[in-house]
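Report on the following structure.
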Amino acid sequence: MNHSINRRNWIKSSLMAVGTMAVAPAFALPKNKALAAYQPDSILNEHIPTFRYDEARLVAKLNANENPYGPSPKVIKAITDSITLGNRYGHGEAKVLIDMIAEKEGVSPDHIMLSPGSSDILEKTAFVQFMNGGNVVSADPSYMSLMNTAQKLGATWKPVLLTGDYQHDLDGMAKAVDSETNLVYICNPNNPTGSITDAKKLRAFCSSVSEKTPVFVDEAYLEFLEKPEESSMVGLVAEGKDVMIARTFSKVHGMAGLRIGYLVALPERIESITSKVRSTMGLCVTSLNGAIASMKDPGFLSKCRSMNTECREYTKGEIASLGYDIIPSHTSFMIFPLRMDGQPFMKGMYDSGVGIRVFNIDNKPWCRVSMGTMGEMEIFVDAFKKVTA
């Protein structure tokens with residue numbers, strides 16, 4: 001695969017697809033130590049701050065896709081009440097949570113594995129699937145945790161560029177699968193683009209490709225959709241397809257620091273992991289009870305979803321009014337191209353007390369901003385206007 005040609009074609013088609021995104025700078029950012037490549041062949045790189053800053057002094061922490069409203073009051077109470085159980089292991093609570101998740105997802109409990117966040121699932125899956133090498137197929141750009149771990153184990157990464165409208169190129173990914181492919185990874189909605197791939201097409205892809213190799217679908221941000229169940233691939237697991245679904249309590253549930261996630265997969269896939277590493281042993285009884293309480297509080301999740309959408313629409317409107325075109329987001333963050341170098345932009349925002357992330361996509365700087373409260377987004381917009389003036 002000629003990555004240089006494909007990168008040019010991808011960025012050209014992307015500019016055509018989103019029209020005014022041509023405001024993105026025409027120059028390539030100079031290569032320097034402030035850029036940390038996820039992988040040499042990826043078109044995605046992240047700017048690492050070259051300046052000192054104190055994250056505790058941020059007035060708007062919008063750099064980690066955290067839910068600013070959570071955890072819910074019911075979760076806080078459940079955790080508080082659980083502190084006295086800190087001398088006991090949480091195996092019983094883990095069983096309760098697994099049963100609740102299984103009922104919600106329409107599968108039996110042996111289809112569920114708990115973990116301290118979904119990143120832990122990504123890494124454990126990589127260890128199991130790539131102990132003896134092979135390759136992993138995924139989109140580029142996308143969330144790189146699983147691919148990074150796989151490559152550290154000696155696997156090969158086969159990136160397939162997103163389409164011009166930022167969906168997964170499912171045809172291209174299907175063609176990339178070969179006899180050495182041990183896993184296909186899909187992040188939907190995707191990070192860092194915030195874009196979503198058509199559910200009907202993705203479902204057909206997963207059903208077909210999973211006959212050849214496991215398909216892992218990372219649905220960390222799915223619950224920010226109004227009707228998440230319509231875009232989930234979890235129903236394929238109930239049909240017996242070799243599809244693995246990762247979810248997390250870190251996002252809409254507002255429990256990022258409490259570390260709870262889960263995997264839905266065929267029992268033999270679950271067993272392939274749990275036979276090598278223990279899952280519930282890494283979970284604490286307080287977090288487990290918090291997750292149980294959160295699942296019983298759909299009203300809080302709905303409220304968070306609504307406030308996230310309101311803030312996202314406000315921010316999109318404000319930034320668009322300045323002539324920027326934003327990739328349509330279905331998540332708790334958005335990303336758009338900058339008109340200035342990434343380092344001075346990032347420093348200006350941090351100096352203003354606003355934490356954001358800056359990525360290079362095909363050598364052009366982009367700002368990714370997480371959704372905070374409305375007050376925090378107003379602070380972000382004011383700082384953005386001053387820094388980019």
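The chains in the structure tokens are called A, B, ... from first to last as shown; in each chain the residues are counted from 1, and the ligands are counted from 1 in the order shown.
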Go through segment 59-103 of chain A residue by residue and, counting only C-alpha atoms, keep those with an atom at most 7 Å from segment 271-287 of chain A; for each kept residue give the shortest atom pair and its distance in Å to one decimal, ordered by chain and increasing number, as a tab-separated table.
residue	atom	partner	partner_atom	distance
A:Ile79	CA	A:Thr286	CA	4.9
A:Ser82	CA	A:Thr286	CA	5.3
A:Ile83	CA	A:Thr286	CA	6.4
A:Gly86	CA	A:Val285	CA	6.7
A:Tyr89	CA	A:Val285	CA	6.5
A:Gly90	CA	A:Val285	CA	4.5
A:His91	CA	A:Thr280	CA	6.8
A:Glu93	CA	A:Val285	CA	6.8
A:Ala94	CA	A:Thr280	CA	6.7
Spatial neighbours of segment 338-355 of chain A, 9 Å, only C-alpha atoms, chain gap at least 4 places, as a PyMOL selection string: chain A and resi 23-26+29+34+47-51+53-55+57-64+324+359-360+364-367+369+376+379-380+383-384+386-388
Those same residues, written as a compact mmCIF listing (two decimals), in the first residue's frame with N, CA, C and O atoms?
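Output file result_33.txt is given in full below:
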# COMPACT_ATOMS: atom_id res chain seq x y z
N VAL A 23 -10.33 25.86 4.90
CA VAL A 23 -9.70 26.86 5.75
C VAL A 23 -8.50 26.27 6.48
O VAL A 23 -7.72 27.00 7.06
N ALA A 24 -8.36 24.95 6.49
CA ALA A 24 -7.21 24.34 7.13
C ALA A 24 -5.93 24.84 6.47
O ALA A 24 -5.90 25.08 5.26
N PRO A 25 -4.86 25.05 7.24
CA PRO A 25 -3.64 25.61 6.68
C PRO A 25 -3.07 24.74 5.57
O PRO A 25 -3.13 23.52 5.62
N ALA A 26 -2.51 25.39 4.57
CA ALA A 26 -2.00 24.66 3.41
C ALA A 26 -0.59 24.15 3.63
O ALA A 26 -0.09 23.37 2.85
N LEU A 29 3.06 21.14 9.04
CA LEU A 29 3.71 21.55 10.28
C LEU A 29 5.13 20.97 10.33
O LEU A 29 5.34 19.80 10.03
N ALA A 34 8.04 17.97 19.59
CA ALA A 34 6.75 18.18 20.24
C ALA A 34 5.67 17.30 19.64
O ALA A 34 4.54 17.31 20.10
N HIS A 47 0.31 16.58 19.38
CA HIS A 47 1.24 17.57 19.91
C HIS A 47 1.41 17.34 21.40
O HIS A 47 0.43 17.33 22.15
N ILE A 48 2.64 17.19 21.82
CA ILE A 48 2.96 17.09 23.24
C ILE A 48 3.42 18.48 23.69
O ILE A 48 4.31 19.07 23.06
N PRO A 49 2.83 19.05 24.74
CA PRO A 49 3.22 20.41 25.15
C PRO A 49 4.71 20.55 25.39
O PRO A 49 5.32 19.71 26.06
N THR A 50 5.29 21.61 24.85
CA THR A 50 6.71 21.90 25.09
C THR A 50 6.86 22.93 26.20
O THR A 50 7.95 23.37 26.49
N PHE A 51 5.74 23.28 26.83
CA PHE A 51 5.73 24.30 27.86
C PHE A 51 5.24 23.68 29.18
O PHE A 51 4.60 22.63 29.19
N TYR A 53 2.88 23.54 32.46
CA TYR A 53 1.54 23.97 32.85
C TYR A 53 1.10 23.14 34.05
O TYR A 53 1.60 22.04 34.27
N ASP A 54 0.18 23.69 34.81
CA ASP A 54 -0.36 23.01 35.98
C ASP A 54 -1.82 22.70 35.70
O ASP A 54 -2.66 23.60 35.68
N GLU A 55 -2.13 21.42 35.45
CA GLU A 55 -3.49 21.05 35.09
C GLU A 55 -4.49 21.40 36.19
O GLU A 55 -5.67 21.64 35.92
N ARG A 57 -4.71 24.05 37.70
CA ARG A 57 -5.08 25.46 37.58
C ARG A 57 -6.03 25.72 36.41
O ARG A 57 -6.44 26.86 36.18
N LEU A 58 -6.38 24.67 35.67
CA LEU A 58 -7.29 24.86 34.54
C LEU A 58 -8.68 25.22 35.04
O LEU A 58 -9.19 24.62 35.99
N VAL A 59 -9.29 26.19 34.39
CA VAL A 59 -10.67 26.55 34.74
C VAL A 59 -11.66 25.81 33.85
O VAL A 59 -12.86 25.76 34.16
N ALA A 60 -11.16 25.23 32.77
CA ALA A 60 -11.99 24.42 31.88
C ALA A 60 -11.13 23.26 31.38
O ALA A 60 -10.32 23.42 30.48
N LYS A 61 -11.28 22.09 32.00
CA LYS A 61 -10.50 20.91 31.63
C LYS A 61 -11.25 20.16 30.53
O LYS A 61 -12.17 19.39 30.79
N LEU A 62 -10.85 20.40 29.30
CA LEU A 62 -11.57 19.89 28.14
C LEU A 62 -10.66 19.06 27.25
O LEU A 62 -10.74 19.12 26.02
N ASN A 63 -9.81 18.24 27.88
CA ASN A 63 -8.79 17.52 27.13
C ASN A 63 -8.84 16.00 27.29
O ASN A 63 -7.96 15.29 26.80
N ALA A 64 -9.86 15.46 27.98
CA ALA A 64 -9.86 14.02 28.24
C ALA A 64 -11.21 13.36 28.01
O ALA A 64 -11.40 12.20 28.41
N TYR A 324 -14.80 28.24 10.61
CA TYR A 324 -14.25 26.89 10.71
C TYR A 324 -15.36 25.87 10.43
O TYR A 324 -16.51 26.07 10.81
N PHE A 359 -3.97 17.70 17.60
CA PHE A 359 -3.48 16.61 16.79
C PHE A 359 -3.03 17.13 15.44
O PHE A 359 -3.53 18.16 14.97
N ASN A 360 -2.12 16.43 14.82
CA ASN A 360 -1.84 16.63 13.41
C ASN A 360 -2.51 15.50 12.64
O ASN A 360 -2.33 14.33 12.98
N LYS A 364 -1.40 18.54 9.26
CA LYS A 364 -2.12 19.79 9.49
C LYS A 364 -2.71 19.75 10.91
O LYS A 364 -3.25 18.73 11.33
N PRO A 365 -2.60 20.86 11.65
CA PRO A 365 -3.03 20.88 13.05
C PRO A 365 -4.55 20.97 13.22
O PRO A 365 -5.22 21.76 12.54
N TRP A 366 -5.07 20.18 14.14
CA TRP A 366 -6.49 20.16 14.47
C TRP A 366 -6.66 20.29 15.98
O TRP A 366 -5.86 19.76 16.75
N CYS A 367 -7.72 20.95 16.40
CA CYS A 367 -8.06 21.07 17.82
C CYS A 367 -9.17 20.09 18.15
O CYS A 367 -10.22 20.07 17.49
N VAL A 369 -11.67 19.30 21.23
CA VAL A 369 -12.14 19.85 22.50
C VAL A 369 -13.26 18.98 23.04
O VAL A 369 -14.19 18.61 22.34
N GLU A 376 -18.19 26.26 30.96
CA GLU A 376 -16.84 25.92 30.50
C GLU A 376 -16.70 26.10 28.99
O GLU A 376 -15.66 26.53 28.50
N ILE A 379 -16.21 29.68 28.25
CA ILE A 379 -14.81 30.04 28.52
C ILE A 379 -13.92 29.59 27.36
O ILE A 379 -13.03 30.33 26.92
N PHE A 380 -14.16 28.37 26.85
CA PHE A 380 -13.40 27.87 25.70
C PHE A 380 -13.54 28.78 24.50
O PHE A 380 -12.55 29.15 23.85
N ALA A 383 -11.67 32.07 24.98
CA ALA A 383 -10.22 31.89 24.89
C ALA A 383 -9.81 31.61 23.45
O ALA A 383 -8.79 32.13 22.98
N PHE A 384 -10.60 30.81 22.75
CA PHE A 384 -10.28 30.48 21.35
C PHE A 384 -10.24 31.73 20.49
O PHE A 384 -9.33 31.92 19.67
N LYS A 386 -9.60 34.79 21.43
CA LYS A 386 -8.43 35.62 21.77
C LYS A 386 -7.14 35.02 21.22
O LYS A 386 -6.30 35.72 20.67
N VAL A 387 -7.00 33.70 21.36
CA VAL A 387 -5.77 33.04 20.95
C VAL A 387 -5.60 33.05 19.43
O VAL A 387 -4.48 33.17 18.90
N THR A 388 -6.69 32.93 18.71
CA THR A 388 -6.62 32.86 17.24
C THR A 388 -6.83 34.20 16.55
O THR A 388 -6.81 34.27 15.33
Strand (DSSP E or B) positions in segment 131-353 of chain A, given as a PyMOL selection string: chain A and resi 135-140+156-161+181-187+215-218+243-248+261-264+333-337
Counting only C-alpha atoms, which residues in segment 127-219 of chain A sit no more than 9 Å from segment 119-122 of chain A? For each one, give the nearest pair of atoms and the distance in Å, sorted by chain then residue number, as CSV.
residue,atom,partner,partner_atom,distance
A:Phe127,CA,A:Leu122,CA,8.8
A:Ser145,CA,A:Leu122,CA,6.7
A:Leu146,CA,A:Leu122,CA,5.1
A:Met147,CA,A:Leu122,CA,8.8
A:Thr149,CA,A:Leu122,CA,8.5
A:Phe216,CA,A:Leu122,CA,8.9
A:Asp218,CA,A:Leu122,CA,8.6
What are the nearest atom pairs, with distances in Å to one decimal, for all residues of segment 129-221 of chain A that come at most 12 Å from segment 325-337 of chain A, using only C-alpha atoms, set out by chain and rising residue number as JSON lines?
{"residue": "A:Gly164", "atom": "CA", "partner": "A:Ile327", "partner_atom": "CA", "distance": 10.9}
{"residue": "A:Asp165", "atom": "CA", "partner": "A:Ile327", "partner_atom": "CA", "distance": 8.5}
{"residue": "A:Tyr166", "atom": "CA", "partner": "A:Ile327", "partner_atom": "CA", "distance": 8.0}
{"residue": "A:Gln167", "atom": "CA", "partner": "A:Ile327", "partner_atom": "CA", "distance": 11.0}
{"residue": "A:Cys187", "atom": "CA", "partner": "A:Thr331", "partner_atom": "CA", "distance": 11.8}
{"residue": "A:Asn188", "atom": "CA", "partner": "A:His330", "partner_atom": "CA", "distance": 9.5}
{"residue": "A:Pro189", "atom": "CA", "partner": "A:His330", "partner_atom": "CA", "distance": 6.6}
{"residue": "A:Asn190", "atom": "CA", "partner": "A:Thr331", "partner_atom": "CA", "distance": 8.5}
{"residue": "A:Asn191", "atom": "CA", "partner": "A:Thr331", "partner_atom": "CA", "distance": 8.7}
{"residue": "A:Pro192", "atom": "CA", "partner": "A:Ile335", "partner_atom": "CA", "distance": 7.2}
{"residue": "A:Thr193", "atom": "CA", "partner": "A:Ile335", "partner_atom": "CA", "distance": 6.1}
{"residue": "A:Gly194", "atom": "CA", "partner": "A:Ser329", "partner_atom": "CA", "distance": 4.5}
{"residue": "A:Ser195", "atom": "CA", "partner": "A:Ser329", "partner_atom": "CA", "distance": 5.4}
{"residue": "A:Ile196", "atom": "CA", "partner": "A:His330", "partner_atom": "CA", "distance": 6.7}
{"residue": "A:Thr197", "atom": "CA", "partner": "A:His330", "partner_atom": "CA", "distance": 10.4}
{"residue": "A:Glu219", "atom": "CA", "partner": "A:Thr331", "partner_atom": "CA", "distance": 10.7}
{"residue": "A:Ala220", "atom": "CA", "partner": "A:Thr331", "partner_atom": "CA", "distance": 9.3}
{"residue": "A:Tyr221", "atom": "CA", "partner": "A:Thr331", "partner_atom": "CA", "distance": 5.7}
Test item: residues at most 12 Å from segment 69-74 of chain A, only C-alpha atoms, excluding those fewer than 4 positions along its chain, as a PyMOL selection string: chain A and resi 65+78-81+249-259+287+289-308+371-374+376
Separation of atom CA of Tyr262 of chain A from atom CA of Thr248 of chain A, in Å and rounded to one decimal: 6.2 Å
Pairwise distance for atom CA of Asp140 of chain A and atom CA of Leu44 of chain A, rounded to one decimal in Å: 7.4 Å
Where does DSSP see helix (DSSP H, G or I) in segment 117-213 of chain A, if you list the residues as a PDB file with C-alpha atoms, in the first residue's frame?
ATOM      1  CA  SER A 118     -12.487  -0.365  28.355  1.00  0.00           C
ATOM      2  CA  SER A 119      -8.804   0.451  27.692  1.00  0.00           C
ATOM      3  CA  ASP A 120      -7.943  -2.556  29.842  1.00  0.00           C
ATOM      4  CA  ILE A 121     -10.136  -4.699  27.580  1.00  0.00           C
ATOM      5  CA  LEU A 122      -8.386  -3.377  24.471  1.00  0.00           C
ATOM      6  CA  GLU A 123      -4.967  -4.216  25.849  1.00  0.00           C
ATOM      7  CA  LYS A 124      -5.920  -7.650  27.207  1.00  0.00           C
ATOM      8  CA  THR A 125      -7.513  -8.522  23.864  1.00  0.00           C
ATOM      9  CA  ALA A 126      -4.341  -7.468  22.073  1.00  0.00           C
ATOM     10  CA  PHE A 127      -2.205  -9.657  24.352  1.00  0.00           C
ATOM     11  CA  VAL A 128      -4.386 -12.689  23.705  1.00  0.00           C
ATOM     12  CA  GLN A 129      -4.846 -12.200  19.949  1.00  0.00           C
ATOM     13  CA  SER A 145      -4.602   1.697  22.181  1.00  0.00           C
ATOM     14  CA  LEU A 146      -5.198  -1.812  20.843  1.00  0.00           C
ATOM     15  CA  MET A 147      -3.002  -1.361  17.773  1.00  0.00           C
ATOM     16  CA  ASN A 148      -0.134   0.069  19.814  1.00  0.00           C
ATOM     17  CA  THR A 149      -0.180  -2.903  22.180  1.00  0.00           C
ATOM     18  CA  ALA A 150      -0.448  -5.358  19.301  1.00  0.00           C
ATOM     19  CA  GLN A 151       2.597  -3.876  17.584  1.00  0.00           C
ATOM     20  CA  LYS A 152       4.604  -3.963  20.802  1.00  0.00           C
ATOM     21  CA  LEU A 170     -15.566  -0.973   5.191  1.00  0.00           C
ATOM     22  CA  ASP A 171     -14.830  -2.216   1.679  1.00  0.00           C
ATOM     23  CA  GLY A 172     -11.172  -1.293   2.082  1.00  0.00           C
ATOM     24  CA  MET A 173     -10.996  -2.934   5.491  1.00  0.00           C
ATOM     25  CA  ALA A 174     -12.600  -6.133   4.190  1.00  0.00           C
ATOM     26  CA  LYS A 175     -10.011  -6.281   1.398  1.00  0.00           C
ATOM     27  CA  ALA A 176      -7.190  -5.743   3.915  1.00  0.00           C
ATOM     28  CA  ALA A 199     -25.012   1.083  11.360  1.00  0.00           C
ATOM     29  CA  LYS A 200     -26.647  -0.996   8.626  1.00  0.00           C
ATOM     30  CA  LYS A 201     -23.444  -1.156   6.575  1.00  0.00           C
ATOM     31  CA  LEU A 202     -21.330  -1.829   9.648  1.00  0.00           C
ATOM     32  CA  ARG A 203     -23.624  -4.621  10.769  1.00  0.00           C
ATOM     33  CA  ALA A 204     -23.331  -6.322   7.373  1.00  0.00           C
ATOM     34  CA  PHE A 205     -19.538  -5.883   7.483  1.00  0.00           C
ATOM     35  CA  CYS A 206     -19.218  -7.370  10.974  1.00  0.00           C
ATOM     36  CA  SER A 207     -21.468 -10.287  10.121  1.00  0.00           C
ATOM     37  CA  SER A 208     -19.451 -11.154   7.028  1.00  0.00           C
ATOM     38  CA  VAL A 209     -15.877 -10.467   8.201  1.00  0.00           C
TER      39      VAL A 209
END
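Considering the residues A:Val358, A:Leu97, A:Val75, A:Val217 and counting only C-alpha atoms, Pro109 of chain A has its shortest atom-to-atom contact with A:Leu97.
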Long-range neighbours of Val184 of chain A as number ranges by chain, 9 Å cut-off, only C-alpha atoms, 3 positions minimum in chain: A: 135-138, 173, 177, 181, 209-210, 213-217
Residue selection dump (C-alpha atoms) as a PDB file, in the first residue's frame:
ATOM      1  CA  ASN A 135      -1.836  -8.416  11.880  1.00  0.00           C
ATOM      2  CA  VAL A 136      -4.626  -6.095  12.976  1.00  0.00           C
ATOM      3  CA  VAL A 137      -6.773  -4.089  10.557  1.00  0.00           C
ATOM      4  CA  SER A 138      -8.248  -0.759  11.633  1.00  0.00           C
ATOM      5  CA  MET A 173     -10.996  -2.934   5.491  1.00  0.00           C
ATOM      6  CA  VAL A 177      -8.133  -8.891   5.843  1.00  0.00           C
ATOM      7  CA  THR A 181      -5.313 -11.094  10.305  1.00  0.00           C
ATOM      8  CA  VAL A 209     -15.877 -10.467   8.201  1.00  0.00           C
ATOM      9  CA  SER A 210     -16.387 -12.207  11.560  1.00  0.00           C
ATOM     10  CA  THR A 213     -11.553 -13.284  11.927  1.00  0.00           C
ATOM     11  CA  PRO A 214     -12.884 -11.662  15.126  1.00  0.00           C
ATOM     12  CA  VAL A 215     -14.193  -8.108  14.795  1.00  0.00           C
ATOM     13  CA  PHE A 216     -13.756  -5.832  17.806  1.00  0.00           C
ATOM     14  CA  VAL A 217     -16.163  -2.859  17.962  1.00  0.00           C
TER      15      VAL A 217
END
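Shortest separation to Gly154 of chain A among A:Ser115, A:Ser142, A:Met131, A:Ser370 occurs at residue A:Met131, atoms counted being only C-alpha atoms.
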